[in-house]
file input08.tsv (TSV, C-alpha atoms and all ligand atoms)
chain	number	residue	atom	x	y	z
A	946	MET	CA	7.67	8.84	24.20
A	947	LYS	CA	4.62	6.62	24.26
A	948	LYS	CA	2.69	6.78	21.02
A	949	GLU	CA	-1.03	7.12	21.69
A	950	LYS	CA	-2.38	6.18	18.28
A	951	ARG	CA	-1.78	3.33	15.95
A	952	ILE	CA	-1.41	3.04	12.18
A	953	LEU	CA	-1.88	-0.12	10.21
A	954	THR	CA	-1.35	-0.28	6.49
A	955	GLY	CA	0.43	-2.57	4.07
A	956	ASP	CA	0.96	-4.06	0.68
A	957	ARG	CA	0.49	-7.26	-1.25
A	958	PRO	CA	3.84	-8.83	-2.00
A	959	THR	CA	3.60	-9.13	-5.75
A	960	GLY	CA	6.99	-7.69	-6.73
A	961	ASN	CA	8.95	-4.49	-6.31
A	962	LEU	CA	7.30	-1.35	-5.04
A	963	HIS	CA	7.13	1.62	-7.42
A	964	LEU	CA	6.64	5.39	-7.41
A	965	GLY	CA	2.86	4.91	-7.16
A	966	HIS	CA	3.34	3.12	-3.85
A	967	TYR	CA	5.76	5.82	-2.74
A	968	VAL	CA	3.38	8.75	-3.13
A	969	GLY	CA	0.28	6.65	-2.45
A	970	SER	CA	1.23	5.60	1.03
A	971	LEU	CA	4.95	5.13	1.80
A	972	GLU	CA	5.52	8.87	2.05
A	973	ASN	CA	2.82	9.21	4.71
A	974	ARG	CA	4.12	6.22	6.63
A	975	LEU	CA	7.58	7.76	6.72
A	976	LYS	CA	6.25	11.06	7.92
A	977	LEU	CA	4.07	9.53	10.63
A	978	GLN	CA	6.16	6.64	11.98
A	979	LYS	CA	7.64	8.74	14.79
A	980	GLU	CA	4.26	10.00	15.89
A	981	TYR	CA	2.15	6.83	15.48
A	982	ASP	CA	2.74	3.27	16.61
A	983	THR	CA	3.01	1.97	13.05
A	984	PHE	CA	2.30	-1.58	11.84
A	985	LEU	CA	3.06	-2.54	8.24
A	986	ILE	CA	1.50	-5.74	7.04
A	987	ILE	CA	2.98	-7.70	4.16
A	988	ALA	CA	-0.30	-9.18	2.97
A	989	ASP	CA	0.84	-12.50	1.52
A	990	VAL	CA	-2.52	-14.20	2.04
A	991	GLN	CA	-4.18	-11.39	0.12
A	992	ALA	CA	-1.59	-11.82	-2.65
A	993	LEU	CA	-2.78	-15.44	-2.94
A	994	THR	CA	-6.20	-14.20	-4.07
A	995	THR	CA	-4.59	-13.71	-7.47
A	996	ASN	CA	-1.34	-15.71	-7.20
A	997	PHE	CA	-2.59	-18.95	-5.65
A	998	GLU	CA	-1.26	-20.95	-8.60
A	999	THR	CA	2.28	-19.63	-8.16
A	1000	PRO	CA	2.95	-19.44	-4.41
A	1001	GLU	CA	6.66	-20.20	-4.90
A	1002	SER	CA	7.38	-16.55	-5.72
A	1003	LEU	CA	6.03	-15.38	-2.35
A	1004	SER	CA	9.12	-16.04	-0.25
A	1005	LYS	CA	11.17	-13.75	-2.50
A	1006	ASP	CA	8.37	-11.19	-2.81
A	1007	VAL	CA	7.77	-10.94	0.94
A	1008	ARG	CA	11.45	-10.13	1.49
A	1009	GLN	CA	11.42	-7.74	-1.45
A	1010	VAL	CA	8.61	-5.65	0.04
A	1011	ALA	CA	10.40	-5.53	3.40
A	1012	GLU	CA	13.61	-4.48	1.64
A	1013	ASP	CA	11.70	-1.68	-0.13
A	1014	TYR	CA	10.23	-0.50	3.18
A	1015	LEU	CA	13.64	-0.38	4.81
A	1016	ALA	CA	15.26	1.23	1.79
A	1017	VAL	CA	12.79	4.14	1.73
A	1018	GLY	CA	13.56	4.79	5.37
A	1019	ILE	CA	11.02	2.82	7.38
A	1020	ASP	CA	12.79	2.49	10.72
A	1021	PRO	CA	12.37	-0.91	12.40
A	1022	GLU	CA	12.79	0.82	15.77
A	1023	GLU	CA	9.65	2.85	15.08
A	1024	THR	CA	7.66	0.51	12.85
A	1025	THR	CA	6.55	-3.11	13.21
A	1026	ILE	CA	6.82	-5.07	9.96
A	1027	LEU	CA	4.76	-8.27	9.94
A	1028	VAL	CA	3.75	-11.09	7.62
A	1029	GLN	CA	0.02	-11.77	7.40
A	1030	SER	CA	0.12	-15.57	7.05
A	1031	MET	CA	2.27	-15.90	10.16
A	1032	ILE	CA	-0.54	-14.51	12.31
A	1033	PRO	CA	-3.33	-17.12	12.23
A	1034	GLU	CA	-5.42	-14.89	14.52
A	1035	ILE	CA	-6.05	-12.70	11.45
A	1036	ALA	CA	-7.54	-15.70	9.62
A	1037	GLU	CA	-9.64	-16.54	12.66
A	1038	LEU	CA	-10.97	-13.00	12.92
A	1039	THR	CA	-11.76	-13.06	9.18
A	1040	ILE	CA	-14.00	-16.09	9.67
A	1041	TYR	CA	-15.95	-14.48	12.51
A	1042	TYR	CA	-16.47	-11.26	10.54
A	1043	SER	CA	-17.57	-13.22	7.48
A	1044	MET	CA	-20.72	-14.34	9.33
A	1045	PHE	CA	-22.26	-10.90	9.17
A	1046	VAL	CA	-20.89	-9.40	5.93
A	1047	THR	CA	-23.32	-10.01	3.08
A	1048	ILE	CA	-22.34	-11.22	-0.38
A	1049	ASN	CA	-24.26	-8.26	-1.74
A	1050	GLN	CA	-22.02	-5.80	0.08
A	1051	LEU	CA	-18.91	-7.48	-1.28
A	1052	GLN	CA	-20.24	-7.62	-4.82
A	1053	ARG	CA	-20.99	-3.90	-4.75
A	1054	ASN	CA	-17.42	-2.97	-3.68
A	1055	PRO	CA	-16.10	-0.84	-6.58
A	1056	THR	CA	-12.47	-1.92	-6.09
A	1057	ILE	CA	-13.43	-5.59	-6.18
A	1058	LYS	CA	-15.44	-4.89	-9.33
A	1059	SER	CA	-12.63	-3.12	-11.16
A	1060	GLU	CA	-9.95	-5.62	-10.05
A	1061	SER	CA	-12.05	-8.59	-11.09
A	1062	LYS	CA	-12.40	-6.98	-14.52
A	1063	GLN	CA	-8.65	-6.31	-14.66
A	1064	TYR	CA	-7.87	-9.96	-13.85
A	1065	GLY	CA	-10.60	-11.21	-16.15
A	1066	TYR	CA	-12.53	-13.06	-13.44
A	1067	GLN	CA	-15.93	-14.12	-14.76
A	1068	ASP	CA	-16.51	-16.35	-11.81
A	1069	MET	CA	-14.81	-14.98	-8.72
A	1070	SER	CA	-13.34	-17.19	-6.05
A	1071	TYR	CA	-14.76	-16.98	-2.56
A	1072	GLY	CA	-11.37	-15.79	-1.27
A	1073	PHE	CA	-11.06	-13.01	-3.82
A	1074	LEU	CA	-14.61	-11.75	-3.29
A	1075	GLY	CA	-14.03	-11.85	0.45
A	1076	TYR	CA	-10.61	-10.28	0.74
A	1077	PRO	CA	-12.03	-6.97	2.04
A	1078	ILE	CA	-13.14	-8.97	5.11
A	1079	SER	CA	-9.63	-10.27	5.58
A	1080	GLN	CA	-8.34	-6.72	5.15
A	1081	ALA	CA	-10.73	-5.60	7.91
A	1082	ALA	CA	-9.12	-8.24	10.13
A	1083	ASP	CA	-5.66	-6.90	9.17
A	1084	ILE	CA	-6.68	-3.42	10.25
A	1085	THR	CA	-8.50	-4.36	13.43
A	1086	PHE	CA	-6.35	-7.11	14.96
A	1087	CYS	CA	-4.24	-4.25	16.34
A	1088	ASN	CA	-7.16	-1.82	16.67
A	1089	ALA	CA	-5.63	0.73	14.30
A	1090	ASP	CA	-6.78	4.35	14.41
A	1091	LEU	CA	-5.46	5.43	11.04
A	1092	VAL	CA	-4.95	3.67	7.70
A	1093	PRO	CA	-2.77	5.56	5.17
A	1094	VAL	CA	-3.74	4.32	1.72
A	1095	GLY	CA	-4.34	5.27	-1.90
A	1096	GLN	CA	-7.82	6.18	-3.06
A	1097	ASP	CA	-8.62	2.73	-4.46
A	1098	GLN	CA	-8.53	1.32	-0.92
A	1099	LEU	CA	-11.30	3.58	0.43
A	1100	PRO	CA	-14.12	1.06	-0.15
A	1101	HIS	CA	-12.17	-1.44	1.98
A	1102	ILE	CA	-11.79	1.03	4.84
A	1103	GLU	CA	-15.49	1.81	4.60
A	1104	GLN	CA	-16.21	-1.94	4.76
A	1105	THR	CA	-13.94	-2.23	7.79
A	1106	ARG	CA	-15.80	0.59	9.54
A	1107	LYS	CA	-19.10	-1.18	8.85
A	1108	ILE	CA	-17.75	-4.43	10.27
A	1109	VAL	CA	-16.51	-2.67	13.40
A	1110	ARG	CA	-19.85	-0.97	13.99
A	1111	ARG	CA	-21.71	-4.23	13.49
A	1112	PHE	CA	-19.39	-6.24	15.71
A	1113	ASN	CA	-19.53	-3.67	18.51
A	1114	GLN	CA	-23.31	-3.56	18.32
A	1115	LEU	CA	-23.84	-7.34	18.09
A	1116	TYR	CA	-21.45	-8.27	20.89
A	1117	GLU	CA	-19.38	-5.85	22.97
A	1118	PRO	CA	-17.50	-2.72	21.94
A	1119	VAL	CA	-14.06	-4.20	21.26
A	1120	PHE	CA	-12.98	-2.20	18.21
A	1121	LYS	CA	-12.36	1.40	17.15
A	1122	GLU	CA	-13.56	2.68	13.78
A	1123	PRO	CA	-10.41	3.33	11.78
A	1124	GLU	CA	-10.02	6.46	9.66
A	1125	PRO	CA	-8.44	6.44	6.20
A	1126	LEU	CA	-5.63	8.86	5.40
A	1127	ILE	CA	-5.43	9.63	1.70
A	1128	SER	CA	-2.13	10.80	0.32
A	1129	ARG	CA	-1.40	14.10	-1.41
A	1130	VAL	CA	-1.49	12.16	-4.70
A	1131	PRO	CA	-4.49	9.82	-4.51
A	1132	ARG	CA	-3.70	8.13	-7.82
A	1133	LEU	CA	-0.43	8.31	-9.72
A	1134	VAL	CA	-0.78	7.82	-13.45
A	1135	GLY	CA	1.52	5.29	-15.16
A	1136	LEU	CA	4.00	5.97	-17.96
A	1137	ASP	CA	1.24	5.14	-20.47
A	1138	GLY	CA	-0.60	8.28	-19.35
A	1139	GLU	CA	-3.86	6.37	-19.07
A	1140	ASN	CA	-3.96	3.91	-16.21
A	1141	LYS	CA	-2.92	3.93	-12.59
A	1142	MET	CA	0.79	3.09	-12.17
A	1143	SER	CA	0.77	-0.65	-11.67
A	1144	LYS	CA	3.05	-3.62	-12.03
A	1145	SER	CA	0.47	-5.67	-13.89
A	1146	LEU	CA	0.11	-2.94	-16.54
A	1147	ASP	CA	3.89	-2.61	-17.06
A	1148	ASN	CA	3.79	1.20	-16.77
A	1149	ALA	CA	5.76	1.67	-13.53
A	1150	ILE	CA	9.08	3.10	-12.36
A	1151	TYR	CA	10.38	0.94	-9.53
A	1152	LEU	CA	12.14	2.17	-6.40
A	1153	ASN	CA	15.07	-0.18	-7.02
A	1154	GLU	CA	15.82	0.84	-10.58
A	1155	SER	CA	19.17	2.39	-11.50
A	1156	ALA	CA	19.52	6.06	-12.45
A	1157	GLU	CA	19.99	5.06	-16.10
A	1158	GLU	CA	16.91	2.85	-16.12
A	1159	VAL	CA	14.84	5.66	-14.61
A	1160	ILE	CA	15.94	8.12	-17.30
A	1161	LYS	CA	15.28	5.57	-20.02
A	1162	LYS	CA	11.75	4.96	-18.75
A	1163	VAL	CA	11.00	8.67	-18.39
A	1164	MET	CA	11.89	9.05	-22.07
A	1165	THR	CA	9.04	6.65	-22.93
A	1166	ALA	CA	6.40	8.60	-20.97
A	1167	LYS	CA	3.38	9.91	-22.83
A	1168	THR	CA	3.50	13.67	-23.61
A	1169	ASP	CA	1.22	16.20	-25.27
A	1170	PRO	CA	0.41	14.60	-28.65
A	1171	ALA	CA	-0.11	18.04	-30.24
A	1172	ARG	CA	3.55	18.88	-29.79
A	1173	ILE	CA	5.57	17.80	-32.77
A	1174	ARG	CA	8.44	20.29	-32.87
A	1175	ALA	CA	10.31	21.45	-29.77
A	1176	ASP	CA	9.04	25.03	-30.20
A	1177	ASP	CA	5.35	24.13	-30.58
A	1178	PRO	CA	3.41	25.58	-27.62
A	1179	GLY	CA	2.60	22.72	-25.23
A	1180	HIS	CA	-0.42	21.76	-23.11
A	1181	PRO	CA	0.96	20.68	-19.75
A	1182	GLU	CA	-2.52	19.78	-18.50
A	1183	VAL	CA	-2.64	16.75	-20.82
A	1184	CYS	CA	1.02	15.71	-20.36
A	1185	THR	CA	2.03	12.79	-18.15
A	1186	VAL	CA	5.55	14.17	-17.73
A	1187	PHE	CA	4.11	17.43	-16.42
A	1188	GLU	CA	1.92	15.47	-14.00
A	1189	TYR	CA	5.10	13.90	-12.63
A	1190	HIS	CA	6.80	17.31	-12.39
A	1191	GLN	CA	3.88	18.45	-10.24
A	1192	VAL	CA	4.34	15.50	-7.91
A	1193	PHE	CA	8.12	15.08	-7.82
A	1194	ASN	CA	9.64	18.40	-8.87
A	1195	GLU	CA	8.04	21.19	-6.88
A	1196	HIS	CA	11.08	23.46	-7.35
A	1197	GLU	CA	10.90	23.59	-11.12
A	1198	VAL	CA	7.26	22.92	-11.88
A	1199	ASN	CA	6.13	26.55	-12.30
A	1200	GLU	CA	8.95	27.45	-14.59
A	1201	ILE	CA	8.45	24.29	-16.63
A	1202	GLU	CA	4.76	25.02	-17.04
A	1203	LYS	CA	5.52	28.50	-18.42
A	1204	SER	CA	8.29	27.32	-20.75
A	1205	CYS	CA	6.18	24.43	-22.06
A	1206	LYS	CA	3.23	26.72	-22.83
A	1207	ALA	CA	5.57	29.21	-24.51
A	1208	GLY	CA	7.29	26.48	-26.51
A	1209	THR	CA	10.71	27.40	-25.10
A	1210	ILE	CA	11.49	23.98	-23.61
A	1211	GLY	CA	11.37	20.80	-25.67
A	1212	CYS	CA	9.94	17.50	-24.41
A	1213	VAL	CA	13.36	15.85	-24.32
A	1214	ASP	CA	14.80	18.55	-22.06
A	1215	CYS	CA	11.69	18.50	-19.92
A	1216	LYS	CA	12.04	14.73	-19.50
A	1217	LYS	CA	15.71	15.03	-18.64
A	1218	ARG	CA	14.83	17.43	-15.85
A	1219	LEU	CA	12.19	15.06	-14.55
A	1220	GLY	CA	14.70	12.20	-14.63
A	1221	ARG	CA	17.08	14.30	-12.56
A	1222	ALA	CA	14.38	15.13	-9.99
A	1223	LEU	CA	13.33	11.49	-9.70
A	1224	ASN	CA	16.90	10.35	-9.26
A	1225	GLU	CA	17.38	12.90	-6.48
A	1226	LEU	CA	14.50	11.25	-4.65
A	1227	LEU	CA	15.69	7.71	-5.43
A	1228	GLU	CA	19.41	8.11	-4.73
A	1229	PRO	CA	19.21	7.98	-0.92
A	1230	ILE	CA	16.85	5.00	-1.26
A	1231	ARG	CA	19.46	3.21	-3.40
A	1232	GLU	CA	22.14	3.94	-0.84
A	1233	ARG	CA	20.10	2.67	2.10
A	1234	ARG	CA	19.21	-0.47	0.14
A	1235	GLN	CA	22.89	-1.44	-0.17
A	1236	LYS	CA	23.07	-2.21	3.53
A	1237	TYR	CA	20.31	-4.82	3.20
A	1238	ILE	CA	21.59	-6.26	-0.05
A	1239	LYS	CA	24.90	-6.90	1.69
A	1240	LYS	CA	23.22	-8.41	4.75
A	1241	PRO	CA	19.92	-10.00	3.70
A	1242	GLU	CA	19.68	-11.83	7.04
A	1243	LEU	CA	18.94	-8.44	8.61
A	1244	ILE	CA	15.66	-8.34	6.69
A	1245	ASP	CA	14.63	-11.76	8.00
A	1246	GLN	CA	15.46	-10.74	11.55
A	1247	ILE	CA	13.40	-7.56	11.29
A	1248	ILE	CA	10.41	-9.42	9.83
A	1249	MET	CA	10.56	-12.16	12.48
A	1250	ALA	CA	10.81	-9.70	15.36
A	1251	GLY	CA	7.97	-7.55	13.99
A	1252	THR	CA	5.72	-10.55	13.37
A	1253	LYS	CA	6.34	-11.87	16.87
A	1254	LYS	CA	5.36	-8.54	18.40
A	1255	ALA	CA	2.27	-8.27	16.20
A	1256	LYS	CA	1.25	-11.82	17.08
A	1257	SER	CA	1.16	-11.04	20.77
A	1258	VAL	CA	-1.03	-7.99	20.05
A	1259	ALA	CA	-3.32	-10.25	17.95
A	1260	GLU	CA	-3.55	-12.85	20.73
A	1261	GLU	CA	-4.63	-10.16	23.17
A	1262	THR	CA	-7.31	-8.90	20.76
A	1263	MET	CA	-8.61	-12.43	20.12
A	1264	LYS	CA	-9.08	-12.98	23.83
A	1265	GLN	CA	-11.40	-9.98	23.88
A	1266	VAL	CA	-13.14	-11.12	20.69
A	1267	ARG	CA	-13.81	-14.64	21.98
A	1268	GLU	CA	-15.05	-13.23	25.25
A	1269	ALA	CA	-17.34	-10.75	23.47
A	1270	MET	CA	-18.67	-13.52	21.20
A	1271	LYS	CA	-19.11	-15.94	24.09
A	1272	LEU	CA	-16.61	-18.36	22.58
A	1273	ASP	CA	-14.52	-18.54	25.72
A	1274	TYR	CA	-16.28	-21.63	27.10
A	1275	PHE	CA	-13.54	-23.12	29.21
A	1276	ASN	CA	-11.54	-20.04	30.18
A	1277	ASN	CA	-12.99	-19.69	33.64
A	1278	LYS	CA	-13.11	-23.36	34.54
B	1	LIG	N1	-5.21	-4.11	-0.39
B	1	LIG	C1	-3.97	-3.41	-0.21
B	1	LIG	C2	-3.34	-3.19	-1.59
B	1	LIG	O1	-3.69	-3.88	-2.53
B	1	LIG	C3	-2.98	-4.15	0.67
B	1	LIG	C4	-3.45	-4.35	2.08
B	1	LIG	C5	-3.67	-5.55	2.71
B	1	LIG	C6	-3.77	-3.34	3.04
B	1	LIG	N2	-4.06	-5.37	3.99
B	1	LIG	C7	-4.14	-4.03	4.23
B	1	LIG	C8	-3.76	-1.94	3.01
B	1	LIG	C9	-4.54	-3.33	5.37
B	1	LIG	C10	-4.17	-1.26	4.15
B	1	LIG	C11	-4.55	-1.94	5.32
B	1	LIG	O2	-2.50	-2.34	-1.71
call {"tool": "encode", "arguments": {"input": "input08.tsv", "output": "structure tokens", "more": "lines below"}}
Ligand code: TRP
result
Amino acid sequence: MKKEKRILTGDRPTGNLHLGHYVGSLENRLKLQKEYDTFLIIADVQALTTNFETPESLSKDVRQVAEDYLAVGIDPEETTILVQSMIPEIAELTIYYSMFVTINQLQRNPTIKSESKQYGYQDMSYGFLGYPISQAADITFCNADLVPVGQDQLPHIEQTRKIVRRFNQLYEPVFKEPEPLISRVPRLVGLDGENKMSKSLDNAIYLNESAEEVIKKVMTAKTDPARIRADDPGHPEVCTVFEYHQVFNEHEVNEIEKSCKAGTIGCVDCKKRLGRALNELLEPIRERRQKYIKKPELIDQIIMAGTKKAKSVAEETMKQVREAMKLDYFNNK
């Protein structure tokens, strides 16, 4: 069956993917890969915006993200996995777009603002400030229709839509305006109960952790501080563990809510049940991962084939872009 519409989304390779990535976007990609022509970009150039001093970790991290994709069930027959830096057309497109995106627009981007605070950037680099432009090139080199992402990425999709409208109006209509697709859980809280689940905040449960590690981490999750004894009535609405039950344990969540409020289930039992539910989700992922751990060359082959296919799509798009921008001086001579 020919797939009519295209998805592009992706991740920065900065380490293992975690449950936040799973519900934020991976789950939607899995669901939609049969229906949409799906491209997943491993955004290594974007990772350099913060990791430019330590590029040696990238080669491991790029493979790690691909391994996570494959382990969760991304099917390389349905989905094209590509590496951003291996498609120079994306860098070229970024430069052209950067002519008509204003510094003001970039400085107002709320995600850029909060990330720069998180990384403690007083004086932002040009590349960091401008990465939403590069992300617009990621999304448009293949003219994607849909971009499944977490909520924090919405300003970047909005920026991409602006760029597309401007390009089409300045030159010729080459691009489609992509739509965001927000997941059922726009923001998964971390084990600390305060911040978004994130590697840099050390509050994450990773997709490649063992069953024991998962249970151990769940035991550290923030619960209702008013509950001291197991039979104190609880307040699930302020409990991180309950938030996870809502996301990962649909079968038991109603009963757990009642028992917590009535003080008939203790926090330790409640956490054990969450650990079980999480491990049910993670077990098939662990099993699928084994295949790639045994044969890591499979991962390289899948990345190379995907990148090659994506590159030919990018070359086709750049022909249209250069023509639209009148940069095709010698093509007809
Ligand atoms: N900025 C995204 C993140 O931090 C990663 C990313 C790069 C991306 N290029 C993309 C997401 C294109 C969607 C579409 O998670």
call {"tool": "residues_around", "arguments": {"input": "input08.tsv", "residues": "segment 1189-1191 of chain A", "least_positions_apart": "4", "cutoff": "9 Å", "atoms": "only C-alpha atoms", "output": "PDB file with C-alpha atoms, keeping the file's coordinate frame"}}
result
ATOM      1  CA  LEU A1133      -0.430   8.310  -9.720  1.00  0.00           C
ATOM      2  CA  VAL A1134      -0.780   7.820 -13.450  1.00  0.00           C
ATOM      3  CA  CYS A1184       1.020  15.710 -20.360  1.00  0.00           C
ATOM      4  CA  THR A1185       2.030  12.790 -18.150  1.00  0.00           C
ATOM      5  CA  GLU A1195       8.040  21.190  -6.880  1.00  0.00           C
ATOM      6  CA  GLU A1197      10.900  23.590 -11.120  1.00  0.00           C
ATOM      7  CA  VAL A1198       7.260  22.920 -11.880  1.00  0.00           C
ATOM      8  CA  ASN A1199       6.130  26.550 -12.300  1.00  0.00           C
ATOM      9  CA  ILE A1201       8.450  24.290 -16.630  1.00  0.00           C
ATOM     10  CA  ARG A1218      14.830  17.430 -15.850  1.00  0.00           C
ATOM     11  CA  LEU A1219      12.190  15.060 -14.550  1.00  0.00           C
ATOM     12  CA  ALA A1222      14.380  15.130  -9.990  1.00  0.00           C
TER      13      ALA A1222
END
call {"tool": "residues_near_ligand", "arguments": {"input": "input08.tsv", "ligand": "ligand LIG 1 (chain B)", "cutoff": "8 Å", "atoms": "all atoms listed in the file", "output": "PyMOL selection string"}}
result
chain A and resi 953-957+986-988+991+1077+1079-1081+1083-1084+1092-1095+1098+1101-1102
call {"tool": "write_last_selection", "arguments": {"input": "input08.tsv", "atoms": "C-alpha atoms", "output": "PDB file, keeping the file's coordinate frame"}}
result
ATOM      1  CA  LEU A 953      -1.880  -0.120  10.210  1.00  0.00           C
ATOM      2  CA  THR A 954      -1.350  -0.280   6.490  1.00  0.00           C
ATOM      3  CA  GLY A 955       0.430  -2.570   4.070  1.00  0.00           C
ATOM      4  CA  ASP A 956       0.960  -4.060   0.680  1.00  0.00           C
ATOM      5  CA  ARG A 957       0.490  -7.260  -1.250  1.00  0.00           C
ATOM      6  CA  ILE A 986       1.500  -5.740   7.040  1.00  0.00           C
ATOM      7  CA  ILE A 987       2.980  -7.700   4.160  1.00  0.00           C
ATOM      8  CA  ALA A 988      -0.300  -9.180   2.970  1.00  0.00           C
ATOM      9  CA  GLN A 991      -4.180 -11.390   0.120  1.00  0.00           C
ATOM     10  CA  PRO A1077     -12.030  -6.970   2.040  1.00  0.00           C
ATOM     11  CA  SER A1079      -9.630 -10.270   5.580  1.00  0.00           C
ATOM     12  CA  GLN A1080      -8.340  -6.720   5.150  1.00  0.00           C
ATOM     13  CA  ALA A1081     -10.730  -5.600   7.910  1.00  0.00           C
ATOM     14  CA  ASP A1083      -5.660  -6.900   9.170  1.00  0.00           C
ATOM     15  CA  ILE A1084      -6.680  -3.420  10.250  1.00  0.00           C
ATOM     16  CA  VAL A1092      -4.950   3.670   7.700  1.00  0.00           C
ATOM     17  CA  PRO A1093      -2.770   5.560   5.170  1.00  0.00           C
ATOM     18  CA  VAL A1094      -3.740   4.320   1.720  1.00  0.00           C
ATOM     19  CA  GLY A1095      -4.340   5.270  -1.900  1.00  0.00           C
ATOM     20  CA  GLN A1098      -8.530   1.320  -0.920  1.00  0.00           C
ATOM     21  CA  HIS A1101     -12.170  -1.440   1.980  1.00  0.00           C
ATOM     22  CA  ILE A1102     -11.790   1.030   4.840  1.00  0.00           C
TER      23      ILE A1102
END
call {"tool": "residues_around", "arguments": {"input": "input08.tsv", "residues": "segment 1227-1240 of chain A", "least_positions_apart": "3", "cutoff": "6 Å", "atoms": "all atoms listed in the file", "output": "list in words"}}
result
Ala1016, Val1017, Asn1224 and Leu1243 of chain A
call {"tool": "atom_distance", "arguments": {"input": "input08.tsv", "atom1": "atom CA of Asp1273 of chain A", "atom2": "atom CA of Thr1105 of chain A"}}
result
24.2 Å
call {"tool": "atom_distance", "arguments": {"input": "input08.tsv", "atom1": "atom CA of Cys1215 of chain A", "atom2": "atom CA of Glu1154 of chain A"}}
result
20.4 Å
call {"tool": "atom_distance", "arguments": {"input": "input08.tsv", "atom1": "atom CA of Lys1141 of chain A", "atom2": "atom CA of Phe1073 of chain A"}}
result
20.7 Å
call {"tool": "axis_aligned_box", "arguments": {"input": "input08.tsv", "around": "segment 989-999 of chain A", "padding_each_side": "5 Å", "output": "JSON"}}
result
{"center_x": -2.0, "center_y": -16.2, "center_z": -3.3, "size_x": 18.5, "size_y": 19.6, "size_z": 20.6}
call {"tool": "residues_around", "arguments": {"input": "input08.tsv", "residues": "Arg1129 of chain A", "least_positions_apart": "2", "cutoff": "9 Å", "atoms": "all atoms listed in the file", "output": "JSON, numbers by chain"}}
result
{"A": [968, 969, 973, 1127, 1131, 1192]}
call {"tool": "write_last_selection", "arguments": {"input": "input08.tsv", "atoms": "C-alpha atoms", "output": "mmCIF file, in the coordinates of the input"}}
result
data_model
loop_
_atom_site.group_PDB
_atom_site.id
_atom_site.type_symbol
_atom_site.label_atom_id
_atom_site.label_comp_id
_atom_site.auth_asym_id
_atom_site.auth_seq_id
_atom_site.Cartn_x
_atom_site.Cartn_y
_atom_site.Cartn_z
ATOM 1 C CA VAL A 968 3.380 8.750 -3.130
ATOM 2 C CA GLY A 969 0.280 6.650 -2.450
ATOM 3 C CA ASN A 973 2.820 9.210 4.710
ATOM 4 C CA ILE A 1127 -5.430 9.630 1.700
ATOM 5 C CA PRO A 1131 -4.490 9.820 -4.510
ATOM 6 C CA VAL A 1192 4.340 15.500 -7.910
#
call {"tool": "closest_residue", "arguments": {"input": "input08.tsv", "among": "A:Gly1075, A:Gly1211, A:Gly1220, A:Pro1033", "to": "Asn1049 of chain A", "atoms": "all atoms listed in the file"}}
result
A:Gly1075
call {"tool": "decode", "arguments": {"input": "input08.tsv", "residues": "segment 1019-1051 of chain A", "atoms": "C-alpha atoms", "output": "tab-separated table (two decimals), in the first residue's frame"}}
result
chain	number	residue	atom	x	y	z
A	1019	ILE	CA	10.13	0.71	15.07
A	1020	ASP	CA	10.17	-1.44	11.95
A	1021	PRO	CA	12.92	-0.56	9.45
A	1022	GLU	CA	10.66	-1.87	6.67
A	1023	GLU	CA	8.11	0.83	7.52
A	1024	THR	CA	10.31	3.60	8.90
A	1025	THR	CA	13.37	5.41	7.55
A	1026	ILE	CA	15.98	6.08	10.23
A	1027	LEU	CA	18.50	8.76	9.26
A	1028	VAL	CA	21.40	10.72	10.70
A	1029	GLN	CA	21.17	14.49	10.37
A	1030	SER	CA	24.86	15.28	9.78
A	1031	MET	CA	25.04	12.79	6.92
A	1032	ILE	CA	22.56	14.87	4.90
A	1033	PRO	CA	24.36	18.13	4.06
A	1034	GLU	CA	21.24	19.30	2.20
A	1035	ILE	CA	19.66	19.91	5.62
A	1036	ALA	CA	22.52	22.28	6.50
A	1037	GLU	CA	22.14	24.03	3.16
A	1038	LEU	CA	18.40	24.49	3.64
A	1039	THR	CA	19.07	25.84	7.16
A	1040	ILE	CA	21.27	28.59	5.72
A	1041	TYR	CA	18.65	29.67	3.18
A	1042	TYR	CA	15.91	29.78	5.82
A	1043	SER	CA	18.14	31.74	8.17
A	1044	MET	CA	18.02	34.73	5.80
A	1045	PHE	CA	14.41	35.49	6.64
A	1046	VAL	CA	14.04	34.35	10.28
A	1047	THR	CA	14.62	37.26	12.63
A	1048	ILE	CA	16.75	37.13	15.77
A	1049	ASN	CA	13.77	38.54	17.61
A	1050	GLN	CA	11.62	35.56	16.69
A	1051	LEU	CA	14.27	33.15	17.90
